[in-house]
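Working notes, beginning with the structure itself.
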Amino acid sequence: MTDYTDLLTRIAARAREDEPLTPIATGLPAPLPQEKVTDAEERLGFQLHPLLAAIYRDFANGGFGPDYQLLSLTEGPTSEQAVDLYLEARSSSANTEWAWPEGVLPILDWGCGMYACVDCRSEQGTVLLFEPNPGDPDAAWWIDSPSLNTWLEHYVNDTGWWVKAEEGEGFDELPPWPDAKERAAG
């Protein structure tokens, strides 16, 4: 088991500096007990990436992070819950050209239908950007970061594409995620 203590400590320091767009009156939501994480994984039908599980279990049930903040996994104060959002996306888009890929958990709502998602089936926990606004399901999935660890480092260090976007730069340099269709059929 990987020790994420250092990264979680740096995330906590960064989260204290943030002025969240959706303030939670009581500060960060309490972390979830392991039983709640296990229950969420059973509902999802897959295990969370270990770092994502550690965040929800050892740090907070969402409510921090870039811009609109990480979604609560379940039973949290954010307006959307990651487990419910995933299950709804899988069922509502099943057997369509917009079918949601299996094992890809939305963790952050960027607004305008865009989501940051973790590919919980990849060893690194690849973070994907779902951007449906151009209207082409074949061009809706992008690799945001090769790993969840890297994505969180971008958050801690203010170096993610979202920082560039706020400064007026595009995020055209993100490579497309080629596995979307295959994983949606799974």
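FYI, nothing fancy with the structure tokens labels: chains A, B, ... in order, residues from 1 per chain, ligands from 1 as they appear.
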
Exercise. Neighbours of Arg10 of chain A within 12 Å (only C-alpha atoms; same-chain residues fewer than 6 positions away dropped), as a PyMOL selection string?
Worked result: chain A and resi 4+16-17+59+65+149+152-157

Those same residues, written as a compact mmCIF listing (two decimals), in the first residue's frame with C-alpha atoms?
# COMPACT_ATOMS: atom_id res chain seq x y z
CA TYR A 4 0.08 9.27 0.57
CA ARG A 16 -6.74 26.03 3.57
CA GLU A 17 -5.60 28.77 1.13
CA PHE A 59 -8.71 13.71 4.20
CA GLY A 65 -9.67 21.38 -5.12
CA ASN A 149 -1.03 12.09 -8.28
CA LEU A 152 -3.24 16.76 -7.52
CA GLU A 153 0.32 18.11 -7.79
CA HIS A 154 -1.02 20.55 -10.41
CA TYR A 155 -3.70 21.60 -7.91
CA VAL A 156 -1.19 22.04 -5.08
CA ASN A 157 1.25 23.98 -7.30

Exercise. Can you list, as a PyMOL selection string, every residue of chain A that DSSP puts in alpha helix (DSSP H)?
Worked result: chain A and resi 5-17+34-44+50-58+82-92+148-157+161-166+180-185

So that I can see what lies close to segment 115-119 of chain A, please list as a short mmCIF file (atom, residue, chain, number, x, y, z; two decimals) with all heavy atoms, in the first residue's frame the residues with an atom at most 12 Å from it, counting only C-alpha atoms and leaving out residues fewer than 6 positions away in the same chain.
data_model
loop_
_atom_site.label_atom_id
_atom_site.label_comp_id
_atom_site.auth_asym_id
_atom_site.auth_seq_id
_atom_site.Cartn_x
_atom_site.Cartn_y
_atom_site.Cartn_z
N PHE A 46 -16.69 -1.32 -8.81
CA PHE A 46 -15.23 -1.32 -8.96
C PHE A 46 -14.62 -0.60 -7.76
O PHE A 46 -15.29 0.15 -7.07
CB PHE A 46 -14.78 -0.66 -10.27
CG PHE A 46 -15.24 0.77 -10.45
CD1 PHE A 46 -14.52 1.84 -9.93
CD2 PHE A 46 -16.41 1.04 -11.16
CE1 PHE A 46 -14.94 3.15 -10.11
CE2 PHE A 46 -16.85 2.35 -11.34
CZ PHE A 46 -16.11 3.41 -10.82
N GLN A 47 -13.33 -0.86 -7.54
CA GLN A 47 -12.62 -0.18 -6.46
C GLN A 47 -12.13 1.18 -6.94
O GLN A 47 -11.76 1.34 -8.10
CB GLN A 47 -11.43 -1.01 -5.99
CG GLN A 47 -11.83 -2.25 -5.25
CD GLN A 47 -10.63 -2.95 -4.65
OE1 GLN A 47 -9.52 -2.89 -5.17
NE2 GLN A 47 -10.86 -3.64 -3.55
N LEU A 48 -12.13 2.12 -6.02
CA LEU A 48 -11.55 3.43 -6.32
C LEU A 48 -10.05 3.28 -6.49
O LEU A 48 -9.45 2.35 -5.93
CB LEU A 48 -11.82 4.40 -5.17
CG LEU A 48 -13.26 4.73 -4.85
CD1 LEU A 48 -13.33 5.65 -3.63
CD2 LEU A 48 -13.96 5.37 -6.04
N HIS A 49 -9.46 4.18 -7.25
CA HIS A 49 -8.00 4.23 -7.30
C HIS A 49 -7.53 4.43 -5.86
O HIS A 49 -8.16 5.19 -5.09
CB HIS A 49 -7.53 5.38 -8.20
CG HIS A 49 -6.06 5.42 -8.32
ND1 HIS A 49 -5.27 6.13 -7.44
CD2 HIS A 49 -5.22 4.81 -9.19
CE1 HIS A 49 -4.00 5.96 -7.77
NE2 HIS A 49 -3.95 5.17 -8.84
N PRO A 50 -6.44 3.78 -5.42
CA PRO A 50 -6.01 3.87 -4.02
C PRO A 50 -5.81 5.30 -3.50
O PRO A 50 -6.16 5.60 -2.35
CB PRO A 50 -4.69 3.09 -3.98
CG PRO A 50 -4.80 2.14 -5.14
CD PRO A 50 -5.62 2.85 -6.19
N LEU A 51 -5.27 6.20 -4.34
CA LEU A 51 -5.10 7.59 -3.89
C LEU A 51 -6.45 8.27 -3.71
O LEU A 51 -6.66 9.00 -2.74
CB LEU A 51 -4.22 8.37 -4.87
CG LEU A 51 -4.04 9.87 -4.60
CD1 LEU A 51 -3.56 10.14 -3.17
CD2 LEU A 51 -3.07 10.47 -5.62
N LEU A 52 -7.38 8.01 -4.60
CA LEU A 52 -8.71 8.61 -4.47
C LEU A 52 -9.41 8.08 -3.22
O LEU A 52 -10.02 8.84 -2.47
CB LEU A 52 -9.54 8.31 -5.73
CG LEU A 52 -10.86 9.07 -5.86
CD1 LEU A 52 -10.65 10.58 -5.83
CD2 LEU A 52 -11.57 8.64 -7.15
N ALA A 53 -9.28 6.79 -2.96
CA ALA A 53 -9.85 6.20 -1.74
C ALA A 53 -9.22 6.85 -0.50
O ALA A 53 -9.92 7.17 0.47
CB ALA A 53 -9.64 4.69 -1.72
N GLY A 65 -10.26 21.65 -3.82
CA GLY A 65 -9.67 21.38 -5.12
C GLY A 65 -9.82 22.55 -6.06
O GLY A 65 -10.31 23.61 -5.67
N PRO A 66 -9.40 22.34 -7.29
CA PRO A 66 -9.44 23.42 -8.26
C PRO A 66 -10.87 23.90 -8.51
O PRO A 66 -11.80 23.09 -8.57
CB PRO A 66 -8.82 22.83 -9.52
CG PRO A 66 -8.70 21.38 -9.31
CD PRO A 66 -8.89 21.11 -7.86
N ASP A 67 -11.02 25.17 -8.64
CA ASP A 67 -12.29 25.82 -9.00
C ASP A 67 -13.50 25.28 -8.26
O ASP A 67 -13.74 25.62 -7.13
CB ASP A 67 -12.50 25.81 -10.50
CG ASP A 67 -11.59 26.81 -11.20
OD1 ASP A 67 -11.13 27.76 -10.53
OD2 ASP A 67 -11.34 26.66 -12.40
N TYR A 68 -14.26 24.42 -8.92
CA TYR A 68 -15.54 23.99 -8.36
C TYR A 68 -15.44 22.90 -7.29
O TYR A 68 -16.46 22.44 -6.82
CB TYR A 68 -16.49 23.55 -9.47
CG TYR A 68 -16.85 24.66 -10.41
CD1 TYR A 68 -16.80 24.48 -11.77
CD2 TYR A 68 -17.24 25.89 -9.93
CE1 TYR A 68 -17.14 25.49 -12.64
CE2 TYR A 68 -17.58 26.92 -10.80
CZ TYR A 68 -17.53 26.71 -12.14
OH TYR A 68 -17.87 27.72 -12.99
N GLN A 69 -14.30 22.43 -6.97
CA GLN A 69 -14.02 21.48 -5.89
C GLN A 69 -14.39 20.04 -6.21
O GLN A 69 -15.28 19.78 -7.00
CB GLN A 69 -14.73 21.89 -4.59
CG GLN A 69 -14.52 23.32 -4.21
CD GLN A 69 -15.57 23.78 -3.21
OE1 GLN A 69 -16.50 23.09 -2.87
NE2 GLN A 69 -15.39 24.99 -2.74
N LEU A 70 -13.70 19.14 -5.53
CA LEU A 70 -14.01 17.73 -5.67
C LEU A 70 -15.41 17.45 -5.15
O LEU A 70 -15.83 17.99 -4.12
CB LEU A 70 -13.03 16.88 -4.87
CG LEU A 70 -11.92 16.20 -5.67
CD1 LEU A 70 -11.02 17.23 -6.30
CD2 LEU A 70 -11.16 15.24 -4.82
N LEU A 71 -16.11 16.59 -5.87
CA LEU A 71 -17.43 16.16 -5.45
C LEU A 71 -17.29 15.25 -4.23
O LEU A 71 -16.30 14.53 -4.09
CB LEU A 71 -18.10 15.35 -6.57
CG LEU A 71 -18.25 16.04 -7.92
CD1 LEU A 71 -18.76 15.04 -8.96
CD2 LEU A 71 -19.18 17.22 -7.81
N GLU A 80 -23.53 17.59 -6.05
CA GLU A 80 -23.56 16.31 -6.74
C GLU A 80 -22.69 15.34 -5.96
O GLU A 80 -21.70 15.74 -5.35
CB GLU A 80 -23.03 16.42 -8.16
CG GLU A 80 -23.84 17.31 -9.08
CD GLU A 80 -23.18 17.48 -10.44
OE1 GLU A 80 -22.07 18.04 -10.49
OE2 GLU A 80 -23.79 17.06 -11.42
N ALA A 82 -20.36 11.89 -6.38
CA ALA A 82 -19.64 11.19 -7.45
C ALA A 82 -20.28 9.84 -7.79
O ALA A 82 -20.46 9.52 -8.97
CB ALA A 82 -18.18 11.01 -7.07
N VAL A 83 -20.64 9.06 -6.78
CA VAL A 83 -21.22 7.73 -7.05
C VAL A 83 -22.54 7.87 -7.79
O VAL A 83 -22.76 7.20 -8.81
CB VAL A 83 -21.39 6.93 -5.74
CG1 VAL A 83 -22.18 5.65 -5.99
CG2 VAL A 83 -20.04 6.60 -5.12
N LEU A 85 -23.63 10.36 -9.58
CA LEU A 85 -23.39 10.92 -10.91
C LEU A 85 -22.90 9.85 -11.89
O LEU A 85 -23.36 9.76 -13.02
CB LEU A 85 -22.38 12.06 -10.80
CG LEU A 85 -22.19 12.96 -11.99
CD1 LEU A 85 -23.49 13.64 -12.40
CD2 LEU A 85 -21.14 14.02 -11.67
N TYR A 86 -21.98 9.00 -11.44
CA TYR A 86 -21.47 7.91 -12.27
C TYR A 86 -22.60 6.95 -12.65
O TYR A 86 -22.76 6.60 -13.83
CB TYR A 86 -20.36 7.15 -11.55
CG TYR A 86 -19.93 5.90 -12.27
CD1 TYR A 86 -19.05 5.96 -13.36
CD2 TYR A 86 -20.40 4.65 -11.89
CE1 TYR A 86 -18.67 4.81 -14.03
CE2 TYR A 86 -20.03 3.49 -12.56
CZ TYR A 86 -19.16 3.58 -13.62
OH TYR A 86 -18.78 2.44 -14.29
N ALA A 89 -24.94 8.55 -15.12
CA ALA A 89 -24.32 8.68 -16.45
C ALA A 89 -24.27 7.34 -17.16
O ALA A 89 -24.54 7.25 -18.36
CB ALA A 89 -22.92 9.28 -16.33
N TRP A 100 -21.25 6.25 -21.21
CA TRP A 100 -20.21 6.61 -20.25
C TRP A 100 -19.27 5.43 -20.04
O TRP A 100 -19.72 4.31 -19.79
CB TRP A 100 -20.85 7.02 -18.92
CG TRP A 100 -19.89 7.71 -18.02
CD1 TRP A 100 -19.10 7.12 -17.08
CD2 TRP A 100 -19.60 9.11 -17.97
NE1 TRP A 100 -18.33 8.07 -16.44
CE2 TRP A 100 -18.62 9.30 -16.98
CE3 TRP A 100 -20.07 10.21 -18.68
CZ2 TRP A 100 -18.11 10.55 -16.66
CZ3 TRP A 100 -19.56 11.46 -18.36
CH2 TRP A 100 -18.60 11.62 -17.37
N PRO A 101 -17.95 5.66 -20.08
CA PRO A 101 -16.99 4.56 -19.92
C PRO A 101 -17.03 3.93 -18.52
O PRO A 101 -17.12 4.62 -17.51
CB PRO A 101 -15.64 5.24 -20.16
CG PRO A 101 -15.95 6.51 -20.87
CD PRO A 101 -17.31 6.92 -20.41
N GLU A 102 -16.94 2.63 -18.52
CA GLU A 102 -16.93 1.86 -17.27
C GLU A 102 -15.68 2.19 -16.45
O GLU A 102 -14.58 2.30 -16.98
CB GLU A 102 -16.95 0.37 -17.62
CG GLU A 102 -17.10 -0.52 -16.42
CD GLU A 102 -17.22 -1.98 -16.83
OE1 GLU A 102 -16.99 -2.31 -18.01
OE2 GLU A 102 -17.54 -2.78 -15.96
N GLY A 103 -15.88 2.38 -15.15
CA GLY A 103 -14.77 2.62 -14.24
C GLY A 103 -14.24 4.04 -14.23
O GLY A 103 -13.23 4.32 -13.58
N VAL A 104 -14.89 4.95 -14.94
CA VAL A 104 -14.43 6.35 -15.02
C VAL A 104 -15.34 7.20 -14.12
O VAL A 104 -16.47 7.51 -14.48
CB VAL A 104 -14.45 6.85 -16.48
CG1 VAL A 104 -14.07 8.32 -16.56
CG2 VAL A 104 -13.49 6.01 -17.33
N LEU A 105 -14.83 7.54 -12.96
CA LEU A 105 -15.62 8.23 -11.94
C LEU A 105 -15.47 9.74 -12.05
O LEU A 105 -14.36 10.27 -11.93
CB LEU A 105 -15.18 7.77 -10.54
CG LEU A 105 -15.97 8.34 -9.38
CD1 LEU A 105 -17.38 7.75 -9.36
CD2 LEU A 105 -15.26 8.04 -8.06
N PRO A 106 -16.58 10.46 -12.25
CA PRO A 106 -16.49 11.93 -12.23
C PRO A 106 -16.18 12.39 -10.81
O PRO A 106 -16.80 11.94 -9.85
CB PRO A 106 -17.88 12.39 -12.67
CG PRO A 106 -18.76 11.19 -12.65
CD PRO A 106 -17.92 9.98 -12.49
N ILE A 107 -15.19 13.28 -10.69
CA ILE A 107 -14.81 13.75 -9.36
C ILE A 107 -14.95 15.26 -9.20
O ILE A 107 -14.87 15.77 -8.08
CB ILE A 107 -13.37 13.34 -8.99
CG1 ILE A 107 -12.34 13.94 -9.96
CG2 ILE A 107 -13.26 11.82 -8.88
CD1 ILE A 107 -10.91 13.88 -9.47
N LEU A 108 -15.12 15.98 -10.32
CA LEU A 108 -15.20 17.43 -10.23
C LEU A 108 -16.02 17.94 -11.41
O LEU A 108 -15.78 17.54 -12.55
CB LEU A 108 -13.79 18.03 -10.26
CG LEU A 108 -13.70 19.53 -10.04
CD1 LEU A 108 -12.48 19.85 -9.18
CD2 LEU A 108 -13.61 20.28 -11.34
N ASP A 109 -16.98 18.79 -11.13
CA ASP A 109 -17.82 19.39 -12.16
C ASP A 109 -17.22 20.74 -12.51
O ASP A 109 -17.21 21.66 -11.69
CB ASP A 109 -19.25 19.54 -11.61
CG ASP A 109 -20.23 20.11 -12.63
OD1 ASP A 109 -19.79 20.69 -13.64
OD2 ASP A 109 -21.44 19.98 -12.38
N GLY A 125 -4.41 5.84 -12.23
CA GLY A 125 -5.56 6.70 -11.96
C GLY A 125 -5.56 7.88 -12.90
O GLY A 125 -5.65 9.04 -12.48
N THR A 126 -5.46 7.62 -14.19
CA THR A 126 -5.44 8.68 -15.20
C THR A 126 -6.62 9.62 -14.96
O THR A 126 -7.74 9.18 -14.74
CB THR A 126 -5.52 8.08 -16.61
OG1 THR A 126 -4.46 7.14 -16.77
CG2 THR A 126 -5.43 9.15 -17.68
N VAL A 127 -6.36 10.92 -15.01
CA VAL A 127 -7.44 11.90 -14.88
C VAL A 127 -7.82 12.35 -16.27
O VAL A 127 -6.98 12.74 -17.07
CB VAL A 127 -7.03 13.10 -13.99
CG1 VAL A 127 -8.15 14.14 -13.93
CG2 VAL A 127 -6.67 12.61 -12.58
N LEU A 128 -9.11 12.25 -16.54
CA LEU A 128 -9.66 12.56 -17.85
C LEU A 128 -10.53 13.80 -17.78
O LEU A 128 -11.11 14.09 -16.73
CB LEU A 128 -10.51 11.39 -18.34
CG LEU A 128 -9.79 10.04 -18.38
CD1 LEU A 128 -10.78 8.90 -18.57
CD2 LEU A 128 -8.73 10.04 -19.46
N LEU A 129 -10.60 14.50 -18.87
CA LEU A 129 -11.51 15.63 -19.00
C LEU A 129 -12.61 15.21 -19.96
O LEU A 129 -12.33 14.83 -21.10
CB LEU A 129 -10.78 16.86 -19.55
CG LEU A 129 -11.67 18.07 -19.89
CD1 LEU A 129 -12.33 18.63 -18.64
CD2 LEU A 129 -10.87 19.13 -20.61
N PHE A 130 -13.84 15.27 -19.48
CA PHE A 130 -15.00 15.04 -20.34
C PHE A 130 -15.51 16.41 -20.75
O PHE A 130 -15.91 17.21 -19.91
CB PHE A 130 -16.09 14.26 -19.59
CG PHE A 130 -17.35 14.09 -20.39
CD1 PHE A 130 -17.37 13.31 -21.54
CD2 PHE A 130 -18.52 14.70 -19.99
CE1 PHE A 130 -18.53 13.16 -22.27
CE2 PHE A 130 -19.70 14.55 -20.71
CZ PHE A 130 -19.71 13.78 -21.86
N GLU A 131 -15.45 16.69 -22.06
CA GLU A 131 -15.84 18.00 -22.60
C GLU A 131 -16.79 17.78 -23.77
O GLU A 131 -16.37 17.64 -24.91
CB GLU A 131 -14.58 18.72 -23.06
CG GLU A 131 -14.60 20.23 -23.00
CD GLU A 131 -15.72 20.95 -23.73
OE1 GLU A 131 -16.89 20.55 -23.66
OE2 GLU A 131 -15.43 21.96 -24.36
N PRO A 132 -18.10 17.72 -23.49
CA PRO A 132 -19.06 17.38 -24.53
C PRO A 132 -19.54 18.55 -25.39
O PRO A 132 -20.27 18.35 -26.35
CB PRO A 132 -20.25 16.84 -23.71
CG PRO A 132 -20.21 17.69 -22.48
CD PRO A 132 -18.74 17.87 -22.18
N ASN A 133 -19.13 19.76 -25.07
CA ASN A 133 -19.73 20.94 -25.69
C ASN A 133 -19.57 21.06 -27.20
O ASN A 133 -20.46 21.59 -27.85
CB ASN A 133 -19.26 22.21 -24.98
CG ASN A 133 -19.84 22.26 -23.59
OD1 ASN A 133 -21.05 22.25 -23.42
ND2 ASN A 133 -18.99 22.26 -22.57
N ALA A 140 -14.95 13.96 -27.16
CA ALA A 140 -15.37 14.49 -25.86
C ALA A 140 -14.44 14.12 -24.72
O ALA A 140 -14.55 14.69 -23.64
CB ALA A 140 -16.79 14.00 -25.54
N TRP A 141 -13.52 13.19 -24.94
CA TRP A 141 -12.66 12.69 -23.85
C TRP A 141 -11.21 13.06 -24.10
O TRP A 141 -10.67 12.80 -25.17
CB TRP A 141 -12.81 11.18 -23.72
CG TRP A 141 -14.13 10.79 -23.19
CD1 TRP A 141 -15.24 10.40 -23.90
CD2 TRP A 141 -14.51 10.74 -21.82
NE1 TRP A 141 -16.27 10.13 -23.05
CE2 TRP A 141 -15.87 10.33 -21.77
CE3 TRP A 141 -13.85 11.02 -20.62
CZ2 TRP A 141 -16.56 10.17 -20.56
CZ3 TRP A 141 -14.54 10.87 -19.43
CH2 TRP A 141 -15.87 10.44 -19.41
N TRP A 142 -10.59 13.63 -23.07
CA TRP A 142 -9.20 14.09 -23.15
C TRP A 142 -8.43 13.60 -21.93
O TRP A 142 -9.00 13.45 -20.86
CB TRP A 142 -9.16 15.63 -23.20
CG TRP A 142 -9.96 16.16 -24.33
CD1 TRP A 142 -11.28 16.50 -24.34
CD2 TRP A 142 -9.51 16.37 -25.66
NE1 TRP A 142 -11.68 16.91 -25.58
CE2 TRP A 142 -10.60 16.85 -26.41
CE3 TRP A 142 -8.28 16.21 -26.29
CZ2 TRP A 142 -10.50 17.15 -27.76
CZ3 TRP A 142 -8.18 16.53 -27.64
CH2 TRP A 142 -9.28 17.00 -28.35
N ILE A 143 -7.14 13.39 -22.10
CA ILE A 143 -6.29 13.04 -20.96
C ILE A 143 -5.83 14.33 -20.31
O ILE A 143 -5.05 15.09 -20.89
CB ILE A 143 -5.08 12.18 -21.39
CG1 ILE A 143 -5.59 10.87 -22.00
CG2 ILE A 143 -4.16 11.93 -20.20
CD1 ILE A 143 -4.49 10.02 -22.64
N ASP A 144 -6.35 14.58 -19.13
CA ASP A 144 -6.00 15.78 -18.37
C ASP A 144 -4.62 15.61 -17.74
O ASP A 144 -3.75 16.47 -17.88
CB ASP A 144 -7.07 16.02 -17.29
CG ASP A 144 -6.85 17.26 -16.47
OD1 ASP A 144 -5.69 17.64 -16.24
OD2 ASP A 144 -7.84 17.86 -16.04
N SER A 145 -4.42 14.50 -17.04
CA SER A 145 -3.14 14.19 -16.41
C SER A 145 -2.92 12.69 -16.47
O SER A 145 -3.88 11.92 -16.33
CB SER A 145 -3.13 14.63 -14.94
OG SER A 145 -3.12 16.02 -14.83
N PRO A 146 -1.68 12.25 -16.63
CA PRO A 146 -1.43 10.82 -16.73
C PRO A 146 -1.73 10.06 -15.44
O PRO A 146 -1.92 8.85 -15.46
CB PRO A 146 0.06 10.73 -17.09
CG PRO A 146 0.63 12.04 -16.67
CD PRO A 146 -0.47 13.05 -16.77
N SER A 147 -1.80 10.80 -14.32
CA SER A 147 -2.09 10.14 -13.04
C SER A 147 -2.83 11.11 -12.12
O SER A 147 -2.72 12.33 -12.26
CB SER A 147 -0.80 9.67 -12.37
OG SER A 147 -0.06 10.79 -11.90
N LEU A 148 -3.55 10.53 -11.18
CA LEU A 148 -4.23 11.34 -10.17
C LEU A 148 -3.20 12.08 -9.32
O LEU A 148 -3.42 13.24 -8.97
CB LEU A 148 -5.13 10.46 -9.29
CG LEU A 148 -5.90 11.15 -8.18
CD1 LEU A 148 -6.79 12.28 -8.72
CD2 LEU A 148 -6.73 10.12 -7.40
N ASN A 149 -2.09 11.44 -9.04
CA ASN A 149 -1.03 12.09 -8.28
C ASN A 149 -0.56 13.36 -8.99
O ASN A 149 -0.43 14.43 -8.38
CB ASN A 149 0.14 11.11 -8.08
CG ASN A 149 1.17 11.65 -7.12
OD1 ASN A 149 0.91 11.78 -5.93
ND2 ASN A 149 2.34 11.98 -7.64
N THR A 150 -0.31 13.27 -10.29
CA THR A 150 0.13 14.43 -11.08
C THR A 150 -0.94 15.52 -11.07
O THR A 150 -0.63 16.71 -10.92
CB THR A 150 0.46 14.01 -12.53
OG1 THR A 150 1.51 13.05 -12.49
CG2 THR A 150 0.88 15.20 -13.37
N TRP A 151 -2.20 15.13 -11.25
CA TRP A 151 -3.30 16.09 -11.26
C TRP A 151 -3.37 16.85 -9.93
O TRP A 151 -3.54 18.07 -9.90
CB TRP A 151 -4.61 15.36 -11.54
CG TRP A 151 -5.78 16.23 -11.81
CD1 TRP A 151 -6.08 16.85 -13.00
CD2 TRP A 151 -6.84 16.58 -10.92
NE1 TRP A 151 -7.27 17.56 -12.88
CE2 TRP A 151 -7.75 17.40 -11.61
CE3 TRP A 151 -7.11 16.26 -9.59
CZ2 TRP A 151 -8.90 17.91 -11.03
CZ3 TRP A 151 -8.26 16.76 -9.00
CH2 TRP A 151 -9.14 17.58 -9.72
N LEU A 152 -3.21 16.12 -8.84
CA LEU A 152 -3.24 16.76 -7.52
C LEU A 152 -2.01 17.65 -7.30
O LEU A 152 -2.10 18.69 -6.65
CB LEU A 152 -3.37 15.71 -6.41
CG LEU A 152 -4.75 15.05 -6.38
CD1 LEU A 152 -4.71 13.78 -5.54
CD2 LEU A 152 -5.82 16.01 -5.88
N GLY A 160 -2.19 23.55 -13.28
CA GLY A 160 -3.08 22.80 -14.15
C GLY A 160 -3.57 23.62 -15.33
O GLY A 160 -3.44 24.84 -15.37
N TRP A 161 -4.17 22.93 -16.31
CA TRP A 161 -4.70 23.62 -17.48
C TRP A 161 -5.73 24.66 -17.08
O TRP A 161 -5.88 25.68 -17.76
CB TRP A 161 -5.30 22.63 -18.49
CG TRP A 161 -6.52 21.90 -18.01
CD1 TRP A 161 -6.55 20.65 -17.47
CD2 TRP A 161 -7.87 22.38 -18.00
NE1 TRP A 161 -7.84 20.33 -17.12
CE2 TRP A 161 -8.67 21.37 -17.44
CE3 TRP A 161 -8.48 23.56 -18.41
CZ2 TRP A 161 -10.04 21.50 -17.28
CZ3 TRP A 161 -9.86 23.68 -18.25
CH2 TRP A 161 -10.62 22.66 -17.69
N TRP A 162 -6.45 24.41 -15.98
CA TRP A 162 -7.49 25.34 -15.53
C TRP A 162 -6.90 26.69 -15.14
O TRP A 162 -7.55 27.71 -15.29
CB TRP A 162 -8.30 24.73 -14.38
CG TRP A 162 -7.47 24.26 -13.24
CD1 TRP A 162 -7.06 25.00 -12.15
CD2 TRP A 162 -6.91 22.96 -13.04
NE1 TRP A 162 -6.29 24.23 -11.31
CE2 TRP A 162 -6.18 22.97 -11.84
CE3 TRP A 162 -6.95 21.78 -13.77
CZ2 TRP A 162 -5.51 21.86 -11.34
CZ3 TRP A 162 -6.28 20.67 -13.28
CH2 TRP A 162 -5.58 20.71 -12.09
N TRP A 177 -8.31 10.94 -25.37
CA TRP A 177 -8.28 9.64 -24.70
C TRP A 177 -8.83 8.61 -25.67
O TRP A 177 -10.03 8.61 -25.97
CB TRP A 177 -9.10 9.68 -23.42
CG TRP A 177 -9.05 8.43 -22.61
CD1 TRP A 177 -7.93 7.73 -22.26
CD2 TRP A 177 -10.16 7.72 -22.05
NE1 TRP A 177 -8.29 6.63 -21.50
CE2 TRP A 177 -9.65 6.61 -21.37
CE3 TRP A 177 -11.54 7.92 -22.07
CZ2 TRP A 177 -10.46 5.70 -20.69
CZ3 TRP A 177 -12.35 7.02 -21.39
CH2 TRP A 177 -11.81 5.93 -20.71
N ASP A 179 -9.40 5.41 -25.46
CA ASP A 179 -10.10 4.24 -24.95
C ASP A 179 -11.57 4.47 -24.64
O ASP A 179 -12.25 3.56 -24.18
CB ASP A 179 -9.41 3.73 -23.68
CG ASP A 179 -7.96 3.37 -23.91
OD1 ASP A 179 -7.60 3.05 -25.06
OD2 ASP A 179 -7.18 3.39 -22.94
N ALA A 180 -12.08 5.67 -24.87
CA ALA A 180 -13.44 6.00 -24.46
C ALA A 180 -14.48 5.05 -25.04
O ALA A 180 -15.32 4.52 -24.31
CB ALA A 180 -13.77 7.45 -24.82
N ARG A 183 -14.17 1.40 -23.67
CA ARG A 183 -14.54 1.29 -22.26
C ARG A 183 -16.04 1.55 -22.05
O ARG A 183 -16.63 1.03 -21.12
CB ARG A 183 -13.73 2.26 -21.43
CG ARG A 183 -12.25 1.90 -21.37
CD ARG A 183 -11.95 0.77 -20.42
NE ARG A 183 -12.24 1.16 -19.08
CZ ARG A 183 -11.46 1.95 -18.34
NH1 ARG A 183 -10.35 2.43 -18.83
NH2 ARG A 183 -11.83 2.28 -17.13
#

Problem set entry | Among listed residues A:Pro134, A:Gly62, A:Gly168, A:Gly27, nearest Thr74 of chain A (using only C-alpha atoms) |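 Distance minimum relative to Thr74 of chain A lands on A:Gly62.
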
Exercise. Could you state the separation of atom CA of Ile55 of chain A and atom CA of Ala15 of chain A in Å, given to one decimal place?
Worked result: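 Separation of atom CA of Ile55 of chain A and atom CA of Ala15 of chain A: 12.5 Å.
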
Exercise. Mind pulling up the distance from atom CA of Glu35 of chain A to atom CA of Thr5 of chain A?
Worked result: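 Answer for the atom CA of Thr5 of chain A to atom CA of Glu35 of chain A separation: 20.6 Å.
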
For this session: From the DSSP assignment of the backbone, select every residue of chain A that is strand (DSSP E), and format the answer as an NGL selection string.
Result: :A and (104-111 or 114-119 or 127-130 or 141-145)

For this session: Just the residues within 6 Å of Ala60 of chain A, please, counting only C-alpha atoms, with nothing from its chain fewer than 6 positions along; format it as a list of chain:residue names.
Result: A:Pro29, A:Ala30, A:Pro31

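Between atom CA of Ala184 of chain A and atom CA of Ser91 of chain A lies a distance of 11.2 Å.
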